[in-house]
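J.: input.txt (compact mmCIF, N, CA, C and O atoms) pasted underneath:
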```
# COMPACT_ATOMS: atom_id res chain seq x y z
N MET H 16 3.55 -12.42 5.50
CA MET H 16 2.71 -11.97 4.41
C MET H 16 1.25 -12.18 4.80
O MET H 16 0.91 -13.18 5.41
N MET H 17 0.43 -11.23 4.46
CA MET H 17 -0.98 -11.29 4.79
C MET H 17 -1.71 -12.25 3.84
O MET H 17 -1.50 -12.19 2.63
N SER H 18 -2.54 -13.11 4.40
CA SER H 18 -3.26 -14.07 3.57
C SER H 18 -4.40 -13.38 2.82
O SER H 18 -4.84 -12.28 3.19
N LEU H 19 -4.87 -14.04 1.79
CA LEU H 19 -5.99 -13.50 1.02
C LEU H 19 -7.23 -13.35 1.90
O LEU H 19 -7.95 -12.35 1.80
N ASP H 20 -7.46 -14.31 2.77
CA ASP H 20 -8.60 -14.22 3.68
C ASP H 20 -8.50 -13.00 4.59
O ASP H 20 -9.50 -12.32 4.84
N GLU H 21 -7.30 -12.71 5.08
CA GLU H 21 -7.10 -11.52 5.92
C GLU H 21 -7.35 -10.25 5.12
O GLU H 21 -8.00 -9.31 5.61
N LYS H 22 -6.88 -10.21 3.89
CA LYS H 22 -7.10 -9.04 3.03
C LYS H 22 -8.59 -8.84 2.76
O LYS H 22 -9.09 -7.71 2.79
N LEU H 23 -9.29 -9.94 2.49
CA LEU H 23 -10.73 -9.85 2.23
C LEU H 23 -11.49 -9.40 3.47
O LEU H 23 -12.44 -8.62 3.38
N ASP H 24 -11.09 -9.87 4.64
CA ASP H 24 -11.72 -9.47 5.89
C ASP H 24 -11.56 -7.96 6.12
O ASP H 24 -12.53 -7.27 6.44
N ILE H 25 -10.36 -7.47 5.93
CA ILE H 25 -10.11 -6.03 6.10
C ILE H 25 -10.91 -5.24 5.07
O ILE H 25 -11.53 -4.22 5.40
N SER H 26 -10.93 -5.72 3.84
CA SER H 26 -11.68 -5.04 2.79
C SER H 26 -13.17 -4.97 3.13
O SER H 26 -13.81 -3.93 2.94
N ASN H 27 -13.72 -6.05 3.62
CA ASN H 27 -15.14 -6.07 4.00
C ASN H 27 -15.43 -5.12 5.15
O ASN H 27 -16.45 -4.41 5.14
N ARG H 28 -14.54 -5.08 6.14
CA ARG H 28 -14.73 -4.15 7.26
C ARG H 28 -14.62 -2.71 6.77
O ARG H 28 -15.37 -1.83 7.20
N ALA H 29 -13.70 -2.46 5.83
CA ALA H 29 -13.55 -1.12 5.27
C ALA H 29 -14.80 -0.71 4.50
O ALA H 29 -15.26 0.44 4.60
N LEU H 30 -15.37 -1.64 3.74
CA LEU H 30 -16.59 -1.33 3.00
C LEU H 30 -17.75 -1.03 3.94
O LEU H 30 -18.60 -0.18 3.64
N ASP H 31 -17.79 -1.70 5.08
CA ASP H 31 -18.82 -1.39 6.09
C ASP H 31 -18.66 0.05 6.57
O ASP H 31 -19.66 0.76 6.75
N LEU H 32 -17.42 0.49 6.77
CA LEU H 32 -17.18 1.88 7.17
C LEU H 32 -17.63 2.85 6.08
O LEU H 32 -18.25 3.88 6.37
N LEU H 33 -17.33 2.51 4.85
CA LEU H 33 -17.73 3.37 3.73
C LEU H 33 -19.24 3.45 3.63
O LEU H 33 -19.79 4.54 3.44
N ASP H 34 -19.91 2.32 3.79
CA ASP H 34 -21.38 2.30 3.77
C ASP H 34 -21.97 3.16 4.89
O ASP H 34 -23.05 3.74 4.73
N ALA H 35 -21.25 3.24 6.01
CA ALA H 35 -21.70 4.05 7.15
C ALA H 35 -21.32 5.52 6.99
O ALA H 35 -21.61 6.33 7.87
N GLY H 36 -20.66 5.85 5.88
CA GLY H 36 -20.29 7.24 5.62
C GLY H 36 -18.94 7.66 6.16
O GLY H 36 -18.61 8.84 6.13
N ASP H 37 -18.16 6.71 6.63
CA ASP H 37 -16.84 7.02 7.20
C ASP H 37 -15.76 6.82 6.13
O ASP H 37 -15.08 5.79 6.10
N GLU H 38 -15.60 7.80 5.25
CA GLU H 38 -14.62 7.68 4.16
C GLU H 38 -13.19 7.67 4.68
O GLU H 38 -12.33 6.97 4.14
N ASP H 39 -12.92 8.45 5.74
CA ASP H 39 -11.57 8.46 6.30
C ASP H 39 -11.22 7.11 6.91
O ASP H 39 -10.11 6.60 6.74
N GLY H 40 -12.16 6.52 7.65
CA GLY H 40 -11.94 5.21 8.23
C GLY H 40 -11.73 4.15 7.17
O GLY H 40 -10.88 3.28 7.30
N TYR H 41 -12.51 4.25 6.10
CA TYR H 41 -12.35 3.33 4.97
C TYR H 41 -10.95 3.43 4.39
O TYR H 41 -10.27 2.43 4.20
N SER H 42 -10.51 4.65 4.13
CA SER H 42 -9.19 4.87 3.54
C SER H 42 -8.07 4.37 4.45
O SER H 42 -7.14 3.70 4.00
N ARG H 43 -8.17 4.68 5.74
CA ARG H 43 -7.14 4.23 6.69
C ARG H 43 -7.05 2.71 6.74
O ARG H 43 -5.97 2.14 6.74
N LEU H 44 -8.20 2.06 6.78
CA LEU H 44 -8.22 0.61 6.89
C LEU H 44 -7.73 -0.04 5.60
O LEU H 44 -6.95 -1.01 5.64
N MET H 45 -8.10 0.49 4.45
CA MET H 45 -7.65 -0.07 3.17
C MET H 45 -6.13 0.04 3.01
O MET H 45 -5.51 -0.82 2.40
N ARG H 46 -5.55 1.08 3.58
CA ARG H 46 -4.10 1.25 3.47
C ARG H 46 -3.32 0.26 4.33
O ARG H 46 -2.11 0.16 4.20
N THR H 47 -4.01 -0.48 5.19
CA THR H 47 -3.34 -1.52 5.98
C THR H 47 -3.14 -2.79 5.17
O THR H 47 -2.34 -3.64 5.55
N ILE H 48 -3.86 -2.92 4.06
CA ILE H 48 -3.68 -4.07 3.17
C ILE H 48 -2.40 -3.83 2.36
O ILE H 48 -2.25 -2.76 1.78
N PRO H 49 -1.50 -4.79 2.32
CA PRO H 49 -0.25 -4.57 1.57
C PRO H 49 -0.52 -4.25 0.10
O PRO H 49 -1.32 -4.92 -0.56
N MET H 50 0.13 -3.19 -0.37
CA MET H 50 0.04 -2.84 -1.78
C MET H 50 0.81 -3.89 -2.58
O MET H 50 1.94 -4.22 -2.22
N PRO H 51 0.22 -4.41 -3.66
CA PRO H 51 0.95 -5.38 -4.48
C PRO H 51 2.26 -4.77 -5.00
O PRO H 51 2.29 -3.58 -5.36
N PRO H 52 3.32 -5.55 -5.02
CA PRO H 52 4.62 -5.02 -5.44
C PRO H 52 4.62 -4.33 -6.80
O PRO H 52 5.23 -3.28 -6.97
N TYR H 53 3.93 -4.91 -7.78
CA TYR H 53 3.91 -4.29 -9.11
C TYR H 53 3.28 -2.91 -9.05
O TYR H 53 3.73 -1.97 -9.72
N LEU H 54 2.23 -2.77 -8.25
CA LEU H 54 1.57 -1.48 -8.12
C LEU H 54 2.44 -0.48 -7.36
O LEU H 54 2.52 0.70 -7.73
N ALA H 55 3.10 -0.94 -6.33
CA ALA H 55 4.01 -0.07 -5.57
C ALA H 55 5.12 0.46 -6.47
O ALA H 55 5.47 1.64 -6.40
N LYS H 56 5.63 -0.39 -7.35
CA LYS H 56 6.69 0.03 -8.27
C LYS H 56 6.18 1.10 -9.24
O LYS H 56 6.84 2.11 -9.47
N VAL H 57 4.98 0.91 -9.77
CA VAL H 57 4.40 1.89 -10.68
C VAL H 57 4.10 3.19 -9.94
O VAL H 57 4.37 4.29 -10.46
N MET H 58 3.56 3.08 -8.74
CA MET H 58 3.25 4.28 -7.95
C MET H 58 4.52 5.06 -7.62
O MET H 58 4.51 6.29 -7.63
N LYS H 59 5.60 4.36 -7.35
CA LYS H 59 6.88 5.03 -7.08
C LYS H 59 7.31 5.82 -8.32
O LYS H 59 7.72 6.97 -8.20
N GLU H 60 7.20 5.21 -9.48
CA GLU H 60 7.61 5.86 -10.72
C GLU H 60 6.71 7.02 -11.11
O GLU H 60 7.17 8.06 -11.56
N LYS H 61 5.41 6.86 -10.93
CA LYS H 61 4.44 7.86 -11.39
C LYS H 61 4.13 8.93 -10.35
O LYS H 61 3.92 10.09 -10.70
N MET H 62 4.05 8.54 -9.07
CA MET H 62 3.63 9.48 -8.01
C MET H 62 4.79 9.96 -7.16
O MET H 62 4.68 10.99 -6.52
N GLY H 63 5.86 9.17 -7.10
CA GLY H 63 7.02 9.54 -6.32
C GLY H 63 7.10 8.86 -4.97
O GLY H 63 6.11 8.36 -4.44
N VAL H 64 8.29 8.87 -4.43
CA VAL H 64 8.57 8.23 -3.15
C VAL H 64 7.78 8.89 -2.02
O VAL H 64 7.22 8.21 -1.15
N ASP H 65 7.71 10.22 -2.03
CA ASP H 65 6.99 10.93 -0.96
C ASP H 65 5.54 10.50 -0.87
O ASP H 65 4.99 10.37 0.22
N TYR H 66 4.91 10.28 -2.01
CA TYR H 66 3.51 9.84 -2.03
C TYR H 66 3.35 8.53 -1.27
O TYR H 66 2.41 8.36 -0.49
N LEU H 67 4.28 7.62 -1.49
CA LEU H 67 4.20 6.32 -0.83
C LEU H 67 4.54 6.40 0.65
O LEU H 67 3.88 5.79 1.49
N THR H 68 5.59 7.14 0.98
CA THR H 68 6.02 7.18 2.38
C THR H 68 5.09 8.02 3.24
O THR H 68 4.80 7.65 4.38
N LYS H 69 4.61 9.12 2.73
CA LYS H 69 3.73 9.98 3.52
C LYS H 69 2.27 9.53 3.50
O LYS H 69 1.48 9.97 4.32
N GLY H 70 1.95 8.65 2.56
CA GLY H 70 0.57 8.21 2.41
C GLY H 70 0.13 7.13 3.36
O GLY H 70 -1.04 6.79 3.43
N GLY H 71 1.08 6.54 4.08
CA GLY H 71 0.71 5.52 5.05
C GLY H 71 0.40 4.16 4.43
O GLY H 71 -0.26 3.34 5.04
N TRP H 72 0.89 3.93 3.23
CA TRP H 72 0.64 2.67 2.55
C TRP H 72 1.42 1.54 3.20
O TRP H 72 2.53 1.72 3.65
N ASN H 73 0.84 0.36 3.19
CA ASN H 73 1.53 -0.84 3.66
C ASN H 73 2.36 -1.36 2.49
O ASN H 73 1.81 -1.87 1.50
N LEU H 74 3.65 -1.23 2.57
CA LEU H 74 4.56 -1.62 1.49
C LEU H 74 5.33 -2.90 1.82
O LEU H 74 6.37 -3.18 1.21
N SER H 75 4.83 -3.68 2.74
CA SER H 75 5.56 -4.86 3.21
C SER H 75 5.81 -5.89 2.10
O SER H 75 6.88 -6.50 2.07
N GLU H 76 4.87 -6.08 1.20
CA GLU H 76 5.08 -7.06 0.13
C GLU H 76 6.09 -6.55 -0.89
O GLU H 76 6.88 -7.32 -1.42
N ALA H 77 6.09 -5.25 -1.15
CA ALA H 77 7.09 -4.66 -2.05
C ALA H 77 8.48 -4.77 -1.43
O ALA H 77 9.45 -5.09 -2.12
N GLU H 78 8.57 -4.52 -0.13
CA GLU H 78 9.85 -4.64 0.56
C GLU H 78 10.35 -6.08 0.53
O GLU H 78 11.55 -6.32 0.35
N ALA H 79 9.45 -7.02 0.69
CA ALA H 79 9.83 -8.44 0.65
C ALA H 79 10.35 -8.82 -0.74
O ALA H 79 11.29 -9.60 -0.86
N GLN H 80 9.75 -8.26 -1.78
CA GLN H 80 10.15 -8.62 -3.14
C GLN H 80 11.37 -7.83 -3.63
O GLN H 80 12.25 -8.39 -4.26
N PHE H 81 11.39 -6.53 -3.34
CA PHE H 81 12.42 -5.65 -3.89
C PHE H 81 13.55 -5.34 -2.92
O PHE H 81 14.56 -4.76 -3.32
N GLY H 82 13.37 -5.64 -1.64
CA GLY H 82 14.36 -5.30 -0.62
C GLY H 82 13.91 -4.10 0.18
O GLY H 82 13.16 -3.26 -0.29
N VAL H 83 14.39 -4.02 1.40
CA VAL H 83 13.96 -2.98 2.34
C VAL H 83 14.28 -1.57 1.81
O VAL H 83 13.53 -0.64 2.03
N ASP H 84 15.37 -1.44 1.06
CA ASP H 84 15.79 -0.12 0.59
C ASP H 84 15.30 0.24 -0.82
O ASP H 84 15.78 1.17 -1.43
N TRP H 85 14.31 -0.46 -1.31
CA TRP H 85 13.87 -0.28 -2.70
C TRP H 85 13.38 1.12 -3.00
O TRP H 85 13.53 1.61 -4.12
N LEU H 86 12.82 1.80 -2.03
CA LEU H 86 12.32 3.16 -2.26
C LEU H 86 13.46 4.14 -2.50
O LEU H 86 13.28 5.14 -3.18
N ASN H 87 14.61 3.86 -1.93
CA ASN H 87 15.75 4.77 -2.04
C ASN H 87 16.65 4.47 -3.24
O ASN H 87 17.66 5.14 -3.42
N ARG H 88 16.29 3.49 -4.01
CA ARG H 88 17.11 3.16 -5.20
C ARG H 88 16.49 3.73 -6.43
O ARG H 88 15.38 4.00 -6.59
```
Take the structure in the file and write it out as structure tokens.

T.:
Amino acid sequence: MMSLDEKLDISNRALDLLDAGDEDGYSRLMRTIPMPPYLAKVMKEKMGVDYLTKGGWNLSEAEAQFGVDWLNR
């Protein structure tokens, strides 16, 4: 599991990219931060499985909480 300090470090580096005008780099880097399980569950219900799988989101914390096959249930 990624520590809060690691998440904050990535977030700060992503904000530096955004400040430099690199919106794509910002988005790519932010998606490396694990999505909180509660949010992943809501996104699955509201946006669908394809949105999560094709979007490149880090779902490691949701998988740890709900199980590896949670998207297919």

J.: Mind giving me the straight-line distance from atom N of Ala79 of chain H to atom CA of Val57 of chain H in Å, one decimal?

T.: 15.3 Å

J.: Counting only N, CA, C and O atoms, which residues sit no farther than 8 Å from the position (1.3, 1.6, 4.6) in the file's frame? I'd like them as a list in words.

T.: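 Protein and nucleic acid residues near the point are Arg43, Met45, Arg46, Thr47, Ile48, Pro49, Met50, Leu67, Thr68, Gly70, Gly71, Trp72, Asn73, Leu74 and Ser75 of chain H.
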
J.: Step by step: start from the point (-12.2, 0.7, 5.1) in the file's coordinates, keep every protein, DNA or RNA residue that has an atom no farther than 5 Å from it, count all atoms listed in the file, and write the set as a VMD selection string.

T.: chain H and resid 25 28 to 30 40 to 42 44 to 45

J.: Could you turn the residues from that selection into a file that holds N, CA, C and O atoms, as a PDB file, keeping the file's coordinate frame?

T.:
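To be explicit, this is the file written out as result-v2.pdb:
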```pdb
ATOM      1  N   ILE H  25     -10.360  -7.470   5.930  1.00  0.00           N
ATOM      2  CA  ILE H  25     -10.110  -6.030   6.100  1.00  0.00           C
ATOM      3  C   ILE H  25     -10.910  -5.240   5.070  1.00  0.00           C
ATOM      4  O   ILE H  25     -11.530  -4.220   5.400  1.00  0.00           O
ATOM      5  N   ARG H  28     -14.540  -5.080   6.140  1.00  0.00           N
ATOM      6  CA  ARG H  28     -14.730  -4.150   7.260  1.00  0.00           C
ATOM      7  C   ARG H  28     -14.620  -2.710   6.770  1.00  0.00           C
ATOM      8  O   ARG H  28     -15.370  -1.830   7.200  1.00  0.00           O
ATOM      9  N   ALA H  29     -13.700  -2.460   5.830  1.00  0.00           N
ATOM     10  CA  ALA H  29     -13.550  -1.120   5.270  1.00  0.00           C
ATOM     11  C   ALA H  29     -14.800  -0.710   4.500  1.00  0.00           C
ATOM     12  O   ALA H  29     -15.260   0.440   4.600  1.00  0.00           O
ATOM     13  N   LEU H  30     -15.370  -1.640   3.740  1.00  0.00           N
ATOM     14  CA  LEU H  30     -16.590  -1.330   3.000  1.00  0.00           C
ATOM     15  C   LEU H  30     -17.750  -1.030   3.940  1.00  0.00           C
ATOM     16  O   LEU H  30     -18.600  -0.180   3.640  1.00  0.00           O
ATOM     17  N   GLY H  40     -12.160   6.520   7.650  1.00  0.00           N
ATOM     18  CA  GLY H  40     -11.940   5.210   8.230  1.00  0.00           C
ATOM     19  C   GLY H  40     -11.730   4.150   7.170  1.00  0.00           C
ATOM     20  O   GLY H  40     -10.880   3.280   7.300  1.00  0.00           O
ATOM     21  N   TYR H  41     -12.510   4.250   6.100  1.00  0.00           N
ATOM     22  CA  TYR H  41     -12.350   3.330   4.970  1.00  0.00           C
ATOM     23  C   TYR H  41     -10.950   3.430   4.390  1.00  0.00           C
ATOM     24  O   TYR H  41     -10.270   2.430   4.200  1.00  0.00           O
ATOM     25  N   SER H  42     -10.510   4.650   4.130  1.00  0.00           N
ATOM     26  CA  SER H  42      -9.190   4.870   3.540  1.00  0.00           C
ATOM     27  C   SER H  42      -8.070   4.370   4.450  1.00  0.00           C
ATOM     28  O   SER H  42      -7.140   3.700   4.000  1.00  0.00           O
ATOM     29  N   LEU H  44      -8.200   2.060   6.780  1.00  0.00           N
ATOM     30  CA  LEU H  44      -8.220   0.610   6.890  1.00  0.00           C
ATOM     31  C   LEU H  44      -7.730  -0.040   5.600  1.00  0.00           C
ATOM     32  O   LEU H  44      -6.950  -1.010   5.640  1.00  0.00           O
ATOM     33  N   MET H  45      -8.100   0.490   4.450  1.00  0.00           N
ATOM     34  CA  MET H  45      -7.650  -0.070   3.170  1.00  0.00           C
ATOM     35  C   MET H  45      -6.130   0.040   3.010  1.00  0.00           C
ATOM     36  O   MET H  45      -5.510  -0.820   2.400  1.00  0.00           O
TER      37      MET H  45
END
```

J.: Hey, can you check how far atom CA of Gln80 of chain H sits from atom C of Val64 of chain H?

T.: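 Atom-to-atom, atom CA of Gln80 of chain H to atom C of Val64 of chain H, that is 17.7 Å.
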
J.: Write out as an NGL selection string the set of residues from segment 47-79 of chain H that DSSP, computed on the backbone, places in helix (DSSP H, G or I).

T.: :H and (52-62 or 64-69 or 75-79)

J.: Rank nothing, just name the residue among H:Leu23, H:Leu32, H:Met17, H:Ala55 nearest to Ala77 of chain H, using only N, CA, C and O atoms.

T.: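 For Ala77 of chain H, the nearest of the candidates is H:Ala55.
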
J.: Could you check which of H:Pro52, H:Asp65, H:Glu21, H:Asn27 is closest to Gly82 of chain H, using only C-alpha atoms?

T.: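 The shortest atom-to-atom distance to Gly82 of chain H comes from H:Pro52.
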
J.: Which residue out of H:Leu33, H:Met16, H:Gly63, H:Arg88 has the minimum interatomic distance to Glu76 of chain H when only N, CA, C and O atoms are used?

T.: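 Checking each of H:Leu33, H:Met16, H:Gly63, H:Arg88 against Glu76 of chain H, counting only N, CA, C and O atoms, the winner is H:Met16.
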
J.: Can you work out the spacing between atom CA of Asp34 of chain H and atom N of Leu19 of chain H in Å, to one decimal?

T.: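 Result for atom CA of Asp34 of chain H versus atom N of Leu19 of chain H: 23.3 Å, one decimal.
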
J.: Here is a test: counting only C-alpha atoms, which residue of H:Ser18, H:Glu38, H:Tyr66, H:Lys56 is nearest to Glu78 of chain H?

T.: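 Of H:Ser18, H:Glu38, H:Tyr66, H:Lys56, the one nearest Glu78 of chain H, counting only C-alpha atoms, is H:Lys56.
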
J.: Could segment 37-48 of chain H be completed with all heavy atoms and returned as a PDB file, in the frame of the given file?

T.:
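Dumped to result24.pdb:
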```pdb
ATOM      1  N   ASP H  37     -18.160   6.710   6.630  1.00  0.00           N
ATOM      2  CA  ASP H  37     -16.840   7.020   7.200  1.00  0.00           C
ATOM      3  C   ASP H  37     -15.760   6.820   6.130  1.00  0.00           C
ATOM      4  O   ASP H  37     -15.080   5.790   6.100  1.00  0.00           O
ATOM      5  CB  ASP H  37     -16.577   6.150   8.418  1.00  0.00           C
ATOM      6  CG  ASP H  37     -15.287   6.489   9.142  1.00  0.00           C
ATOM      7  OD1 ASP H  37     -14.539   7.369   8.670  1.00  0.00           O
ATOM      8  OD2 ASP H  37     -15.018   5.862  10.185  1.00  0.00           O
ATOM      9  N   GLU H  38     -15.600   7.800   5.250  1.00  0.00           N
ATOM     10  CA  GLU H  38     -14.620   7.680   4.160  1.00  0.00           C
ATOM     11  C   GLU H  38     -13.190   7.670   4.680  1.00  0.00           C
ATOM     12  O   GLU H  38     -12.330   6.970   4.140  1.00  0.00           O
ATOM     13  CB  GLU H  38     -14.815   8.809   3.159  1.00  0.00           C
ATOM     14  CG  GLU H  38     -16.115   8.697   2.392  1.00  0.00           C
ATOM     15  CD  GLU H  38     -16.314   9.806   1.379  1.00  0.00           C
ATOM     16  OE1 GLU H  38     -15.322  10.440   0.975  1.00  0.00           O
ATOM     17  OE2 GLU H  38     -17.470  10.029   0.995  1.00  0.00           O
ATOM     18  N   ASP H  39     -12.920   8.450   5.740  1.00  0.00           N
ATOM     19  CA  ASP H  39     -11.570   8.460   6.300  1.00  0.00           C
ATOM     20  C   ASP H  39     -11.220   7.110   6.910  1.00  0.00           C
ATOM     21  O   ASP H  39     -10.110   6.600   6.740  1.00  0.00           O
ATOM     22  CB  ASP H  39     -11.420   9.561   7.356  1.00  0.00           C
ATOM     23  CG  ASP H  39     -11.422  10.951   6.751  1.00  0.00           C
ATOM     24  OD1 ASP H  39     -11.067  11.093   5.558  1.00  0.00           O
ATOM     25  OD2 ASP H  39     -11.780  11.904   7.471  1.00  0.00           O
ATOM     26  N   GLY H  40     -12.160   6.520   7.650  1.00  0.00           N
ATOM     27  CA  GLY H  40     -11.940   5.210   8.230  1.00  0.00           C
ATOM     28  C   GLY H  40     -11.730   4.150   7.170  1.00  0.00           C
ATOM     29  O   GLY H  40     -10.880   3.280   7.300  1.00  0.00           O
ATOM     30  N   TYR H  41     -12.510   4.250   6.100  1.00  0.00           N
ATOM     31  CA  TYR H  41     -12.350   3.330   4.970  1.00  0.00           C
ATOM     32  C   TYR H  41     -10.950   3.430   4.390  1.00  0.00           C
ATOM     33  O   TYR H  41     -10.270   2.430   4.200  1.00  0.00           O
ATOM     34  CB  TYR H  41     -13.395   3.662   3.892  1.00  0.00           C
ATOM     35  CG  TYR H  41     -13.105   3.030   2.555  1.00  0.00           C
ATOM     36  CD1 TYR H  41     -13.451   1.710   2.314  1.00  0.00           C
ATOM     37  CD2 TYR H  41     -12.477   3.741   1.536  1.00  0.00           C
ATOM     38  CE1 TYR H  41     -13.182   1.115   1.085  1.00  0.00           C
ATOM     39  CE2 TYR H  41     -12.201   3.161   0.315  1.00  0.00           C
ATOM     40  CZ  TYR H  41     -12.560   1.854   0.094  1.00  0.00           C
ATOM     41  OH  TYR H  41     -12.285   1.266  -1.113  1.00  0.00           O
ATOM     42  N   SER H  42     -10.510   4.650   4.130  1.00  0.00           N
ATOM     43  CA  SER H  42      -9.190   4.870   3.540  1.00  0.00           C
ATOM     44  C   SER H  42      -8.070   4.370   4.450  1.00  0.00           C
ATOM     45  O   SER H  42      -7.140   3.700   4.000  1.00  0.00           O
ATOM     46  CB  SER H  42      -8.994   6.360   3.240  1.00  0.00           C
ATOM     47  OG  SER H  42      -7.756   6.597   2.659  1.00  0.00           O
ATOM     48  N   ARG H  43      -8.170   4.680   5.740  1.00  0.00           N
ATOM     49  CA  ARG H  43      -7.140   4.230   6.690  1.00  0.00           C
ATOM     50  C   ARG H  43      -7.050   2.710   6.740  1.00  0.00           C
ATOM     51  O   ARG H  43      -5.970   2.140   6.740  1.00  0.00           O
ATOM     52  CB  ARG H  43      -7.426   4.777   8.092  1.00  0.00           C
ATOM     53  CG  ARG H  43      -6.898   6.161   8.355  1.00  0.00           C
ATOM     54  CD  ARG H  43      -6.963   6.532   9.827  1.00  0.00           C
ATOM     55  NE  ARG H  43      -8.273   6.322  10.431  1.00  0.00           N
ATOM     56  CZ  ARG H  43      -9.277   7.204  10.379  1.00  0.00           C
ATOM     57  NH1 ARG H  43      -9.120   8.334   9.739  1.00  0.00           N
ATOM     58  NH2 ARG H  43     -10.443   6.944  10.957  1.00  0.00           N
ATOM     59  N   LEU H  44      -8.200   2.060   6.780  1.00  0.00           N
ATOM     60  CA  LEU H  44      -8.220   0.610   6.890  1.00  0.00           C
ATOM     61  C   LEU H  44      -7.730  -0.040   5.600  1.00  0.00           C
ATOM     62  O   LEU H  44      -6.950  -1.010   5.640  1.00  0.00           O
ATOM     63  CB  LEU H  44      -9.627   0.119   7.231  1.00  0.00           C
ATOM     64  CG  LEU H  44      -9.767  -1.291   7.754  1.00  0.00           C
ATOM     65  CD1 LEU H  44      -8.843  -1.554   8.929  1.00  0.00           C
ATOM     66  CD2 LEU H  44     -11.208  -1.573   8.142  1.00  0.00           C
ATOM     67  N   MET H  45      -8.100   0.490   4.450  1.00  0.00           N
ATOM     68  CA  MET H  45      -7.650  -0.070   3.170  1.00  0.00           C
ATOM     69  C   MET H  45      -6.130   0.040   3.010  1.00  0.00           C
ATOM     70  O   MET H  45      -5.510  -0.820   2.400  1.00  0.00           O
ATOM     71  CB  MET H  45      -8.357   0.602   1.999  1.00  0.00           C
ATOM     72  CG  MET H  45      -9.816   0.197   1.853  1.00  0.00           C
ATOM     73  SD  MET H  45     -10.063  -1.578   1.583  1.00  0.00           S
ATOM     74  CE  MET H  45      -9.396  -1.775  -0.060  1.00  0.00           C
ATOM     75  N   ARG H  46      -5.550   1.080   3.580  1.00  0.00           N
ATOM     76  CA  ARG H  46      -4.100   1.250   3.470  1.00  0.00           C
ATOM     77  C   ARG H  46      -3.320   0.260   4.330  1.00  0.00           C
ATOM     78  O   ARG H  46      -2.110   0.160   4.200  1.00  0.00           O
ATOM     79  CB  ARG H  46      -3.708   2.683   3.804  1.00  0.00           C
ATOM     80  CG  ARG H  46      -4.122   3.652   2.722  1.00  0.00           C
ATOM     81  CD  ARG H  46      -3.907   5.084   3.147  1.00  0.00           C
ATOM     82  NE  ARG H  46      -4.568   5.981   2.226  1.00  0.00           N
ATOM     83  CZ  ARG H  46      -3.946   6.855   1.455  1.00  0.00           C
ATOM     84  NH1 ARG H  46      -2.645   6.972   1.507  1.00  0.00           N
ATOM     85  NH2 ARG H  46      -4.619   7.631   0.643  1.00  0.00           N
ATOM     86  N   THR H  47      -4.010  -0.480   5.190  1.00  0.00           N
ATOM     87  CA  THR H  47      -3.340  -1.520   5.980  1.00  0.00           C
ATOM     88  C   THR H  47      -3.140  -2.790   5.170  1.00  0.00           C
ATOM     89  O   THR H  47      -2.340  -3.640   5.550  1.00  0.00           O
ATOM     90  CB  THR H  47      -4.102  -1.853   7.275  1.00  0.00           C
ATOM     91  OG1 THR H  47      -5.348  -2.467   6.959  1.00  0.00           O
ATOM     92  CG2 THR H  47      -4.314  -0.604   8.126  1.00  0.00           C
ATOM     93  N   ILE H  48      -3.860  -2.920   4.060  1.00  0.00           N
ATOM     94  CA  ILE H  48      -3.680  -4.070   3.170  1.00  0.00           C
ATOM     95  C   ILE H  48      -2.400  -3.830   2.360  1.00  0.00           C
ATOM     96  O   ILE H  48      -2.250  -2.760   1.780  1.00  0.00           O
ATOM     97  CB  ILE H  48      -4.884  -4.239   2.231  1.00  0.00           C
ATOM     98  CG1 ILE H  48      -6.158  -4.519   3.037  1.00  0.00           C
ATOM     99  CG2 ILE H  48      -4.632  -5.370   1.233  1.00  0.00           C
ATOM    100  CD1 ILE H  48      -7.424  -4.513   2.201  1.00  0.00           C
TER     101      ILE H  48
END
```
